[in-house]
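Pasted below: structure.csv, CSV, C-alpha atoms.
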```
chain,number,residue,atom,x,y,z
A,128,MET,CA,93.1,23.3,131.6
A,129,GLU,CA,94.4,20.6,129.3
A,130,PHE,CA,92.5,22.2,126.4
A,131,LEU,CA,94.0,25.6,127.2
A,132,LEU,CA,97.5,24.1,127.3
A,133,ALA,CA,96.9,22.6,123.9
A,134,LEU,CA,95.6,25.8,122.5
A,135,PHE,CA,98.3,28.2,123.7
A,136,GLY,CA,101.3,25.9,124.3
A,137,GLY,CA,101.0,24.3,120.8
A,138,LEU,CA,100.8,27.6,119.0
A,139,ALA,CA,103.6,29.3,120.9
A,140,LEU,CA,106.0,26.3,120.6
A,141,GLY,CA,105.3,26.1,116.9
A,142,CYS,CA,106.1,29.7,116.3
A,143,ILE,CA,109.4,29.3,118.2
A,144,HIS,CA,110.3,25.9,116.7
A,145,ALA,CA,110.2,27.3,113.1
A,146,PHE,CA,113.3,29.3,113.9
A,147,ASP,CA,115.6,26.3,114.5
A,148,VAL,CA,118.9,26.9,112.6
A,149,ASP,CA,118.4,24.0,110.1
A,150,HIS,CA,114.9,25.1,109.3
A,151,ILE,CA,115.9,28.7,108.6
A,152,ILE,CA,118.9,27.7,106.4
A,153,ALA,CA,116.9,25.3,104.3
A,154,VAL,CA,114.1,27.7,103.6
A,155,SER,CA,116.4,30.7,103.1
A,156,VAL,CA,118.3,29.0,100.3
A,157,PHE,CA,115.2,28.7,98.3
A,158,ALA,CA,113.3,31.8,99.3
A,159,SER,CA,116.3,34.1,98.6
A,160,LYS,CA,116.1,33.1,95.0
A,161,HIS,CA,112.8,35.0,94.6
A,162,GLN,CA,112.5,38.7,94.2
A,163,ASP,CA,108.7,38.3,94.6
A,164,PRO,CA,107.9,38.1,98.4
A,165,TRP,CA,104.6,36.3,97.8
A,166,LYS,CA,106.3,33.5,95.8
A,167,ALA,CA,108.9,33.2,98.6
A,168,ALA,CA,106.1,33.0,101.1
A,169,LYS,CA,104.6,30.1,99.3
A,170,LEU,CA,107.9,28.2,99.7
A,171,GLY,CA,107.7,28.8,103.5
A,172,ILE,CA,104.1,27.5,103.5
A,173,SER,CA,105.2,24.4,101.6
A,174,TRP,CA,108.0,23.7,104.1
A,175,GLY,CA,105.5,24.2,107.0
A,176,LEU,CA,102.9,21.9,105.5
A,177,GLY,CA,105.5,19.1,105.1
A,178,HIS,CA,106.7,19.6,108.7
A,179,THR,CA,103.2,19.6,110.1
A,180,ALA,CA,102.2,16.5,108.1
A,181,THR,CA,105.0,14.4,109.7
A,182,LEU,CA,104.3,15.7,113.2
A,183,LEU,CA,100.6,14.9,112.9
A,184,VAL,CA,101.3,11.3,111.8
A,185,LEU,CA,104.0,10.7,114.4
A,186,GLY,CA,102.3,12.5,117.2
A,187,LEU,CA,98.9,10.8,116.8
A,188,THR,CA,100.6,7.4,116.3
A,189,SER,CA,102.6,8.1,119.5
A,190,VAL,CA,99.4,8.7,121.5
A,191,ALA,CA,97.5,5.8,120.0
A,192,PHE,CA,100.3,3.2,120.5
A,193,ARG,CA,102.1,4.7,123.4
A,194,PHE,CA,105.6,4.8,122.0
A,195,VAL,CA,108.4,7.4,122.0
A,196,ILE,CA,111.0,7.8,119.2
A,197,SER,CA,114.3,6.3,120.3
A,198,PRO,CA,117.4,8.4,120.5
A,199,PHE,CA,119.0,6.3,117.8
A,200,MET,CA,116.2,7.0,115.3
A,201,GLN,CA,116.3,10.7,116.2
A,202,SER,CA,120.1,10.7,115.5
A,203,VAL,CA,119.5,9.0,112.2
A,204,ALA,CA,116.9,11.6,111.2
A,205,GLU,CA,119.3,14.4,112.3
A,206,THR,CA,122.0,12.9,110.1
A,207,ILE,CA,119.6,12.8,107.1
A,208,VAL,CA,118.8,16.5,107.8
A,209,GLY,CA,122.5,17.3,107.7
A,210,VAL,CA,122.9,15.4,104.4
A,211,LEU,CA,120.0,17.4,103.0
A,212,LEU,CA,121.6,20.7,104.0
A,213,VAL,CA,124.9,19.7,102.3
A,214,GLY,CA,123.0,18.6,99.2
A,215,ILE,CA,121.0,21.8,99.0
A,216,GLY,CA,124.1,23.9,99.4
A,217,ALA,CA,126.0,21.9,96.8
A,218,TRP,CA,123.1,22.2,94.4
A,219,VAL,CA,123.1,26.0,94.8
A,220,LEU,CA,126.8,26.2,94.3
A,221,PHE,CA,127.2,23.9,91.3
A,222,SER,CA,124.0,24.2,89.4
A,223,GLY,CA,122.7,27.6,90.5
A,224,ALA,CA,124.9,29.4,88.0
A,225,GLY,CA,123.2,27.6,85.2
A,226,LYS,CA,119.8,28.6,86.4
A,227,LYS,CA,120.3,32.3,86.5
A,228,HIS,CA,121.4,34.4,83.5
A,229,ILE,CA,122.4,38.0,83.9
A,230,HIS,CA,122.2,40.0,80.7
A,231,VAL,CA,123.3,43.6,80.0
A,232,HIS,CA,121.4,45.2,77.2
A,233,LYS,CA,122.6,48.4,75.5
A,234,HIS,CA,120.5,50.5,73.2
A,235,GLU,CA,120.0,54.1,72.2
A,236,HIS,CA,117.1,56.5,72.6
A,237,ASP,CA,117.4,59.9,70.9
A,238,GLY,CA,121.1,59.5,70.6
A,239,LEU,CA,121.6,58.5,74.2
A,240,GLU,CA,122.9,55.1,75.1
A,241,HIS,CA,121.1,53.2,77.8
A,242,VAL,CA,122.2,50.1,79.7
A,243,HIS,CA,119.7,47.7,81.3
A,244,VAL,CA,120.5,44.8,83.5
A,245,HIS,CA,118.1,41.8,83.4
A,246,SER,CA,118.1,38.7,85.5
A,247,HIS,CA,116.3,35.7,84.1
A,248,VAL,CA,115.5,32.9,86.5
A,249,GLU,CA,114.0,29.6,85.3
A,250,HIS,CA,110.5,29.1,86.6
A,251,GLU,CA,110.9,26.2,89.0
A,252,ASP,CA,108.4,27.3,91.7
A,253,HIS,CA,106.4,24.1,91.4
A,254,GLN,CA,109.5,21.9,91.8
A,255,HIS,CA,110.8,24.0,94.7
A,256,ARG,CA,107.5,23.8,96.6
A,257,HIS,CA,107.6,20.0,96.3
A,258,SER,CA,111.2,19.9,97.4
A,259,LEU,CA,110.5,22.1,100.5
A,260,PHE,CA,107.5,19.9,101.4
A,261,LEU,CA,109.8,16.9,101.6
A,262,ILE,CA,112.5,18.8,103.4
A,263,GLY,CA,109.9,20.1,105.9
A,264,ALA,CA,108.7,16.5,106.4
A,265,THR,CA,112.2,15.3,107.2
A,266,HIS,CA,112.7,18.2,109.6
A,267,GLY,CA,109.4,17.2,111.3
A,268,PHE,CA,110.9,13.9,112.2
A,269,ALA,CA,114.2,15.2,113.4
A,270,GLY,CA,115.5,17.7,115.8
A,271,THR,CA,113.8,19.1,118.8
A,272,ALA,CA,110.3,18.2,117.5
A,273,ALA,CA,110.7,14.6,118.9
A,274,ILE,CA,111.5,16.0,122.3
A,275,VAL,CA,109.1,18.9,122.4
A,276,LEU,CA,106.1,17.0,121.0
A,277,ILE,CA,106.4,13.2,120.9
A,278,VAL,CA,107.6,12.6,124.5
A,279,PRO,CA,104.9,14.7,126.3
A,280,LEU,CA,102.2,13.5,123.8
A,281,ALA,CA,102.9,9.9,124.7
A,282,LEU,CA,101.8,10.6,128.2
A,283,SER,CA,98.5,12.2,127.1
A,284,GLN,CA,95.2,10.4,127.6
A,285,SER,CA,93.3,12.4,125.0
A,286,ILE,CA,93.8,11.9,121.3
A,287,ALA,CA,91.6,14.9,120.6
A,288,THR,CA,93.7,17.2,122.8
A,289,SER,CA,96.9,15.9,121.3
A,290,ALA,CA,95.6,16.4,117.7
A,291,LEU,CA,94.6,20.0,118.6
A,292,PHE,CA,98.0,20.6,120.2
A,293,LEU,CA,99.8,19.2,117.0
A,294,LEU,CA,97.6,21.1,114.7
A,295,LEU,CA,98.1,24.5,116.4
A,296,PHE,CA,101.9,23.7,116.7
A,297,GLY,CA,101.8,23.2,112.9
A,298,ILE,CA,99.9,26.4,112.3
A,299,GLY,CA,102.4,28.3,114.4
A,300,THR,CA,105.3,26.8,112.5
A,301,ILE,CA,103.7,27.5,109.1
A,302,GLY,CA,102.9,31.1,110.1
A,303,SER,CA,106.4,31.9,111.4
A,304,MET,CA,108.2,30.3,108.4
A,305,THR,CA,105.8,32.1,105.9
A,306,VAL,CA,106.7,35.4,107.5
A,307,LEU,CA,110.4,34.7,107.4
A,308,ALA,CA,110.2,33.6,103.7
A,309,PHE,CA,108.2,36.7,102.9
A,310,ALA,CA,110.8,38.9,104.6
A,311,LEU,CA,113.6,37.2,102.6
A,312,GLY,CA,111.7,37.8,99.4
A,313,THR,CA,111.2,41.4,100.3
A,314,VAL,CA,114.9,41.9,100.9
A,315,ALA,CA,115.8,40.1,97.7
A,316,LYS,CA,113.4,42.4,95.8
A,317,LYS,CA,115.4,45.4,96.9
A,318,LEU,CA,118.7,44.0,95.8
A,319,ASP,CA,120.4,44.7,92.5
A,320,PRO,CA,119.7,41.6,90.3
A,321,ARG,CA,123.5,41.2,89.9
A,322,THR,CA,123.9,40.6,93.6
A,323,ILE,CA,121.5,37.7,93.7
A,324,PRO,CA,124.0,35.1,92.5
A,325,LEU,CA,126.4,36.2,95.2
A,326,VAL,CA,123.7,36.0,97.9
A,327,GLN,CA,122.9,32.5,96.7
A,328,ASN,CA,126.5,31.4,96.8
A,329,VAL,CA,126.9,32.6,100.3
A,330,ALA,CA,123.7,30.8,101.3
A,331,GLY,CA,125.0,27.6,99.6
A,332,ILE,CA,128.3,27.8,101.5
A,333,VAL,CA,126.5,28.3,104.8
A,334,SER,CA,124.1,25.4,104.1
A,335,VAL,CA,127.1,23.0,103.4
A,336,CYS,CA,129.0,24.1,106.5
A,337,VAL,CA,126.0,23.8,108.8
A,338,GLY,CA,125.1,20.5,107.2
A,339,LEU,CA,128.5,19.0,107.8
A,340,LEU,CA,128.4,20.2,111.5
A,341,TRP,CA,124.9,18.6,111.8
A,342,ILE,CA,126.2,15.3,110.4
A,343,GLY,CA,129.2,15.3,112.7
A,344,GLN,CA,127.1,16.0,115.8
A,345,SER,CA,124.5,13.4,114.9
A,346,VAL,CA,127.1,10.7,114.0
A,347,ARG,CA,128.8,11.1,117.4
A,348,SER,CA,125.5,10.5,119.2
A,349,LEU,CA,124.7,7.3,117.4
```
Structure re-expressed in structure tokens:
Amino acid sequence: MEFLLALFGGLALGCIHAFDVDHIIAVSVFASKHQDPWKAAKLGISWGLGHTATLLVLGLTSVAFRFVISPFMQSVAETIVGVLLVGIGAWVLFSGAGKKHIHVHKHEHDGLEHVHVHSHVEHEDHQHRHSLFLIGATHGFAGTAAIVLIVPLALSQSIATSALFLLLFGIGTIGSMTVLAFALGTVAKKLDPRTIPLVQNVAGIVSVCVGLLWIGQSVRSL
């Protein structure tokens, strides 16, 4: 029975946990930059791997040493997440314009003038994947993960079962976030290149606003 709980409970909770507001916003800001769904999906995977790595370390340590993350440490982690969201949003708003270049090219064919719009985005996939791994790792320490995972795992007698639970939770989280990032990339692919900067600016503003709210709530609970 304990094994079945780890199998189905971990996977289901992981799929649901991926859709926490702070998770969606952080990944959406990066994934919406890509008009290639598969590149966007890789960003979702990177976030999920970072998230899972932290949970595995904290969860197994919790079982081995029988400890629970204190509310104070959880609030500190939540504050850090809020600061990250504000930082991500500010980065998009203030430096995003320099990373994207929209060009309108005019030329003639057989006496007819044609206009082509091109959007050139600097290739930063590698850096973005690293950034999302670190953001995912921070998310793994904060939020509902500490309640959903660390507390019940501290009561478990089986490290093997706990490890399986955490691993499947991570797989569910990675899967859900990969699907979300792929969907965002698919939507971005259908958009006119000239609208991408607008979408990014909106995402940046939302990220800053949610980050400030996150910080306010976390500080009040310290």
Worksheet entry | Best match for closeness to Leu138 (chain A) among A:Gly299, A:Gly171, A:Gly186, A:Gly209, counting all atoms listed in the file | A:Gly299
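The coordinates place CA of Trp218 (chain A) at 22.7 Å from CA of Asp319 (chain A).
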Fill in: Residues near Phe260 (chain A), cut-off 8 Å, all atoms listed in the file, skip fewer than 3 positions along chain, as a PyMOL selection string
chain A and resi 173-178+256-257+263-264
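A straight line drawn from CA of Ile301 (chain A) to CA of Val154 (chain A) is 11.8 Å long.
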Item to complete: Tell me which of A:Val329, A:Ser285, A:Ile151, A:Gly338 sits closest to Ala191 (chain A), counting all atoms listed in the file.
Response: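 Ranked by minimum distance to Ala191 (chain A), first place goes to A:Ser285.
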Worksheet item: Leaving out Val333 (chain A) and any residue of its chain fewer than 6 positions from it, which residues lie within 10 Å of it when counting all atoms listed in the file, given as number ranges by chain?
Response: A: 152, 156, 212-213, 216, 327, 339
Worksheet item: So what do you get for CA of Leu294 (chain A) versus CA of Leu183 (chain A), distance-wise?
Response: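 Between CA of Leu294 (chain A) and CA of Leu183 (chain A) the gap works out to 7.1 Å.
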Worksheet entry | Nearest to Thr288 (chain A), chosen from A:Ser155, A:Ala168, A:Val190, A:Thr265, with all atoms listed in the file counted in the distances |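 The answer is A:Val190, which sits nearest to Thr288 (chain A).
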Worksheet item: Which residues, written as an MDAnalysis selection string, have at least one atom at most 9 Å from Ser303 (chain A), with all atoms listed in the file counted and residues fewer than 6 positions away on the same chain left out?
Response: chainID A and resid 141:146 171 175
Export C-alpha atoms of the chosen residues as an mmCIF file, keeping the file's coordinate frame?
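And here's result-v5.cif as it stands now:
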```
data_model
loop_
_atom_site.group_PDB
_atom_site.id
_atom_site.type_symbol
_atom_site.label_atom_id
_atom_site.label_comp_id
_atom_site.auth_asym_id
_atom_site.auth_seq_id
_atom_site.Cartn_x
_atom_site.Cartn_y
_atom_site.Cartn_z
ATOM 1 C CA GLY A 141 105.300 26.100 116.900
ATOM 2 C CA CYS A 142 106.100 29.700 116.300
ATOM 3 C CA ILE A 143 109.400 29.300 118.200
ATOM 4 C CA HIS A 144 110.300 25.900 116.700
ATOM 5 C CA ALA A 145 110.200 27.300 113.100
ATOM 6 C CA PHE A 146 113.300 29.300 113.900
ATOM 7 C CA GLY A 171 107.700 28.800 103.500
ATOM 8 C CA GLY A 175 105.500 24.200 107.000
#
```
Worksheet item: Counting all atoms listed in the file, which of A:Leu187, A:Leu170, A:Ile196, A:Leu340 gets nearest to Ala287 (chain A)?
Response: A:Leu187
